[in-house]
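Undergrad: For reference, the structure I am asking about is given below.
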Amino acid sequence: MEQNNKLRLGEKISYACGDAASNVVWAALGAFVMLYYTDVVHVNAAVIGTIMLVSRFLDGASDLIMGLIVDRTKSRFGKARPWLLRVAIPFAIATTLMFSVPDFSDKGKIIYIFITYNLVMTMYTMINLPYGSLSTLMTTDPYDRSILNIFRQIFAQITSLIITAATLPLVNLFGGDRMAWTFVYGIFAAAAAVLFLICFFGTKENVGGVAKDRESVPVTTALLALVKNKCWIISMLLGTGTCLFYMAISTINTYFCVQVLHNESLVGTVNAAYIAPMIVFFFLMAPIVKKIGKKKTNLLGWGIILISYVPLMFRMEEAVLVVGTSVIRGIGYACVMGVQFAIIGDSVEYGEWKTGVRSEGLVFSAQSFGCKVGMGLGNALIGALLARGGYDGALRVQPESAINVIKMLYIGMPVIVAVLQMLLMIPYTVERDYEQMNKDLAARKGKTL
């Protein structure tokens with residue numbers, strides 16, 4: 001049964017719990033996993049960056065396969081929700097294993113990292129891709145979908161704030177060694193599993209009819225429809241850039257606070273400085289999006305982010321200035337993330353309008369791959385440049401060349417990404433077509449709006 005009704009508050013909160021669960025790992029991948037590998041496990045940064053880059057392209061196959069599986073899933077729970085139930089516990093186990101590198105030889109550590117890191121990313125694909133698809137199956141109302149996206153972002157950033165602020169203090173509380181990292185992320189992973197189950201039990205698929213009665217679209221037909229979907233291409237590239245930006249501001253932030261500002265406690269403070277205002281500003285996003293639309297909101301966000309870096313180009317080693325500009329950056333990032341997933345959701349209807357093919361799973365799988373490519377490129381670039389600068393996690397004091405690389409990455413990488421993201425939004429015209437698109441889709445289904 002199709003539904004365009006407004007979603008209840010409980011449904012929105014339950015759905016948002018899924019992104020909170022995802023961000024237990026997402027925050028770790030951004031802020032701590034490379035630091036854990038280089039400074040705790042003592043593996044070369046360039047090697048880690050290479051593993052992560054290779055992993056991203058391996059993810060391309062798993063994303064595509066999972067997208068096709070979701071589109072063909074026929075369960076009494078729907079086609080996306082069942083995967084939250086099936087993968088929640090394996091996801092938690094894989095996350096714990098990622099932060100449990102044994103004291104093997106260097107070769108043994110690399111093999112273990114490669115296996116467990118890719119296991120986490122596979123589990124992440126298997127649960128996060130259906131989770132993303134679920135929003136398009138809960139409602140077709142574009143504004144309500146934007147609100148749903150805002151809810152998930154609020155919960156996601158609250159989780160990121162908790163993870164980035166609590167990880168290092170908790171690790172130190174439990175001894176600061178490898179076992180401490182395993183114990184802390186075992187707790188976090190268990191919490192993620194519970195949150196995914198809340199998402200499963202508190203949501204319902206309302207769009208597309210009963211899953212077991214839906215017709216499966218041939219793979220070649222679905223893929224051809226995807227490459228003809230301009231909205232999807234833009235949303236995928238936006239996802240790639242946004243994830244690349246996230247890796248820049250989270251991974252480099254950790255190294256910057258420790259090595260440039262010489263204050264480990266500032267890691268949580270700086271992260272909180274941009275996440276806290278982001279959470280607050282998310283509550284203002286609904287009227288902003290309603291007033292100026294997704295495209296202008298996205299452009300506004302990247303513009304604010306660019307402005308936030310200007311003072312740092314002159315005095316980047318002052319902690320107060322770093323924290324202050326992070327607040328501004330958080331406001332801009334709220335605008336970007338406030339519409340990110342809603343734009344992806346729009347590409348589902350846009351693709352159906354243009355090609356007659358609706359494939360939520362495949363749309364989100366391709367976007368997921370784009371985002372992971374952004375992460376991989378970010379980690380590979382960071383790892384390669386750190387290694388080139390002579391960074392050695394076993395050293396207490398890093399060489400000046402490594403410090404200069406960290407400084408360069410802290411400003412240069414996110415600024416370049418921001419400019420490219422703004423240019424990418426120029427050809428985005430989907431909002432202009434949305435009213436006609438909905439009318440045409442309703443007419444095809446023999447309905448009236």
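Please note that chains go A, B, ... in the order of the structure tokens, that every chain numbers its residues from 1, and that ligands are numbered from 1 in the order shown.
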Determine which residues of segment 361-410 of chain A receive a DSSP assignment of alpha helix (DSSP H), computed from the backbone, and state them as a PyMOL selection string.

TA: chain A and resi 361-388+400-410

Undergrad: Residues at most 9 Å from Thr136 of chain A, counting only C-alpha atoms, excluding those fewer than 6 positions away in the same chain, as a PyMOL selection string?

TA: chain A and resi 145+205+207+345-346+348-349+360

Undergrad: Atom CA of Phe174 of chain A and atom CA of Phe188 of chain A are how many Å apart?

TA: 14.3 Å

Undergrad: Can you tell me, as a ChimeraX atom specification, what residues are no more than 9 Å from segment 229-243 of chain A when counting only C-alpha atoms, ignoring any on the same chain fewer than 5 positions away?

TA: /A:224,248,336-337,340-341,343-344,346-348,350-352,354-355,363-364,366-375,378,417-418,420-421,424-425,427-430

Undergrad: Please dump the current selection as a short mmCIF file (atom, residue, chain, number, x, y, z; two decimals), in the first residue's frame; keep C-alpha atoms.

TA:
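To be explicit, this is the file written out as out-v2.cif:
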```cif
data_model
loop_
_atom_site.label_atom_id
_atom_site.label_comp_id
_atom_site.auth_asym_id
_atom_site.auth_seq_id
_atom_site.Cartn_x
_atom_site.Cartn_y
_atom_site.Cartn_z
CA LEU A 224 21.27 1.15 -17.64
CA ALA A 248 40.01 15.38 6.23
CA VAL A 336 25.54 20.19 3.82
CA MET A 337 24.53 17.07 5.75
CA GLN A 340 22.82 15.11 1.66
CA PHE A 341 20.67 12.01 1.99
CA ILE A 343 19.18 14.51 -2.41
CA ILE A 344 20.04 10.82 -2.76
CA ASP A 346 15.22 12.33 -4.66
CA SER A 347 17.31 10.49 -7.23
CA VAL A 348 15.16 7.39 -6.71
CA TYR A 350 13.93 11.10 -10.55
CA GLY A 351 15.28 7.86 -11.98
CA GLU A 352 11.83 6.29 -11.95
CA LYS A 354 13.09 9.38 -16.42
CA THR A 355 13.48 5.65 -17.02
CA VAL A 363 20.75 3.75 -6.11
CA PHE A 364 22.00 3.65 -2.53
CA ALA A 366 26.22 3.13 -5.95
CA GLN A 367 26.12 6.15 -3.66
CA SER A 368 27.59 4.07 -0.84
CA PHE A 369 30.43 3.04 -3.13
CA GLY A 370 31.07 6.68 -4.04
CA CYS A 371 31.23 7.62 -0.39
CA LYS A 372 33.64 4.80 0.42
CA VAL A 373 35.84 5.84 -2.50
CA GLY A 374 35.97 9.28 -0.90
CA MET A 375 37.04 7.70 2.39
CA GLY A 378 41.24 10.49 1.80
CA VAL A 417 36.98 19.59 -1.59
CA ALA A 418 34.62 22.44 -0.66
CA LEU A 420 34.76 21.17 -6.00
CA GLN A 421 31.48 20.44 -4.19
CA LEU A 424 29.28 20.14 -8.68
CA MET A 425 25.96 21.66 -7.56
CA PRO A 427 24.03 21.35 -12.89
CA TYR A 428 21.67 20.12 -10.14
CA THR A 429 18.16 21.09 -11.31
CA VAL A 430 15.98 18.32 -9.87
#
```

Undergrad: Can you pull out every residue within 10 Å of Tyr255 of chain A, counting only C-alpha atoms, but drop anything in the same chain fewer than 6 positions away, and send it as a list in words?

TA: Ala31, Phe32, Met34, Leu35, Leu261, His262, Glu264, Val267, Ile403, Ile406, Lys407 and Tyr410 of chain A

Undergrad: Would you output that residue set with N, CA and C atoms, as a short mmCIF file (atom, residue, chain, number, x, y, z; two decimals), in the first residue's frame?

TA:
```cif
data_model
loop_
_atom_site.label_atom_id
_atom_site.label_comp_id
_atom_site.auth_asym_id
_atom_site.auth_seq_id
_atom_site.Cartn_x
_atom_site.Cartn_y
_atom_site.Cartn_z
N ALA A 31 38.02 9.31 12.92
CA ALA A 31 38.88 9.96 13.91
C ALA A 31 40.00 9.08 14.47
N PHE A 32 39.77 7.77 14.58
CA PHE A 32 40.69 6.99 15.39
C PHE A 32 41.33 5.76 14.75
N MET A 34 42.96 5.11 11.96
CA MET A 34 44.33 5.27 11.44
C MET A 34 45.30 5.55 12.58
N LEU A 35 44.88 6.37 13.54
CA LEU A 35 45.73 6.64 14.70
C LEU A 35 45.99 5.34 15.47
N LEU A 261 49.28 21.01 18.03
CA LEU A 261 48.87 21.75 19.23
C LEU A 261 49.41 21.10 20.50
N HIS A 262 49.95 19.88 20.38
CA HIS A 262 50.57 19.15 21.49
C HIS A 262 49.62 19.00 22.68
N GLU A 264 46.53 16.27 23.51
CA GLU A 264 45.63 15.16 23.14
C GLU A 264 44.19 15.42 23.55
N VAL A 267 41.50 16.86 21.10
CA VAL A 267 40.84 16.06 20.05
C VAL A 267 39.34 16.09 20.26
N ILE A 403 55.25 17.36 10.56
CA ILE A 403 54.39 18.41 11.13
C ILE A 403 53.88 19.32 10.02
N ILE A 406 51.05 17.67 8.13
CA ILE A 406 49.80 17.72 8.90
C ILE A 406 49.15 19.09 8.79
N LYS A 407 49.95 20.14 8.88
CA LYS A 407 49.42 21.50 8.74
C LYS A 407 48.83 21.74 7.36
N TYR A 410 45.55 19.89 6.99
CA TYR A 410 44.48 20.40 7.86
C TYR A 410 43.66 21.49 7.17
#
```

Undergrad: Excluding segment 217-221 of chain A and residues on its chain fewer than 6 positions from it, collect all residues at most 8 Å away from it, counting only C-alpha atoms, and give them as JSON, numbers by chain.

TA: {"A": [68, 357, 359]}

Undergrad: Leaving out Met66 of chain A and any residue of its chain fewer than 2 positions from it, which residues lie within 9 Å of it when counting only C-alpha atoms, given as a list in words?

TA: Ala61, Ser62, Asp63, Leu64, Leu68, Ile69, Val70, Asp71, Thr125, Met126, Leu129, Pro130, Gly361, Leu362 and Ser365 of chain A

Undergrad: Tell me which protein, DNA and RNA residues are within 7 Å of Ile304 of chain A, counting only C-alpha atoms, leaving out same-chain ones fewer than 3 positions away, and put them as number ranges by chain.

TA: A: 300-301, 307-308, 329, 332

Undergrad: With a cut-off of 12 Å, could you pull out the residues of segment 109-223 of chain A touching segment 51-59 of chain A and give me the nearest pair of atoms for each, distance in Å to one decimal, using only C-alpha atoms, ordered by chain and ascending number, as JSON lines?

TA:
```
{"residue": "A:Lys109", "atom": "CA", "partner": "A:Ile51", "partner_atom": "CA", "distance": 12.0}
{"residue": "A:Ile110", "atom": "CA", "partner": "A:Ile51", "partner_atom": "CA", "distance": 8.6}
{"residue": "A:Ile111", "atom": "CA", "partner": "A:Ile51", "partner_atom": "CA", "distance": 9.8}
{"residue": "A:Tyr112", "atom": "CA", "partner": "A:Ile51", "partner_atom": "CA", "distance": 11.2}
{"residue": "A:Ile113", "atom": "CA", "partner": "A:Ile51", "partner_atom": "CA", "distance": 8.3}
{"residue": "A:Phe114", "atom": "CA", "partner": "A:Ile51", "partner_atom": "CA", "distance": 6.3}
{"residue": "A:Ile115", "atom": "CA", "partner": "A:Ser55", "partner_atom": "CA", "distance": 9.7}
{"residue": "A:Thr116", "atom": "CA", "partner": "A:Ser55", "partner_atom": "CA", "distance": 10.8}
{"residue": "A:Tyr117", "atom": "CA", "partner": "A:Met52", "partner_atom": "CA", "distance": 8.0}
{"residue": "A:Asn118", "atom": "CA", "partner": "A:Ser55", "partner_atom": "CA", "distance": 6.1}
{"residue": "A:Leu119", "atom": "CA", "partner": "A:Ser55", "partner_atom": "CA", "distance": 9.8}
{"residue": "A:Val120", "atom": "CA", "partner": "A:Ser55", "partner_atom": "CA", "distance": 10.4}
{"residue": "A:Met121", "atom": "CA", "partner": "A:Asp59", "partner_atom": "CA", "distance": 7.3}
{"residue": "A:Thr122", "atom": "CA", "partner": "A:Asp59", "partner_atom": "CA", "distance": 7.1}
{"residue": "A:Met123", "atom": "CA", "partner": "A:Asp59", "partner_atom": "CA", "distance": 10.6}
{"residue": "A:Tyr124", "atom": "CA", "partner": "A:Asp59", "partner_atom": "CA", "distance": 10.0}
{"residue": "A:Thr125", "atom": "CA", "partner": "A:Asp59", "partner_atom": "CA", "distance": 8.0}
{"residue": "A:Met126", "atom": "CA", "partner": "A:Asp59", "partner_atom": "CA", "distance": 10.7}
{"residue": "A:Leu129", "atom": "CA", "partner": "A:Asp59", "partner_atom": "CA", "distance": 11.8}
```

Undergrad: Select, from A:Ala402, A:Ile150, A:Val327, A:Leu170, the residue with the minimum atom-to-atom distance to Tyr15 of chain A, counting only C-alpha atoms.

TA: A:Ile150
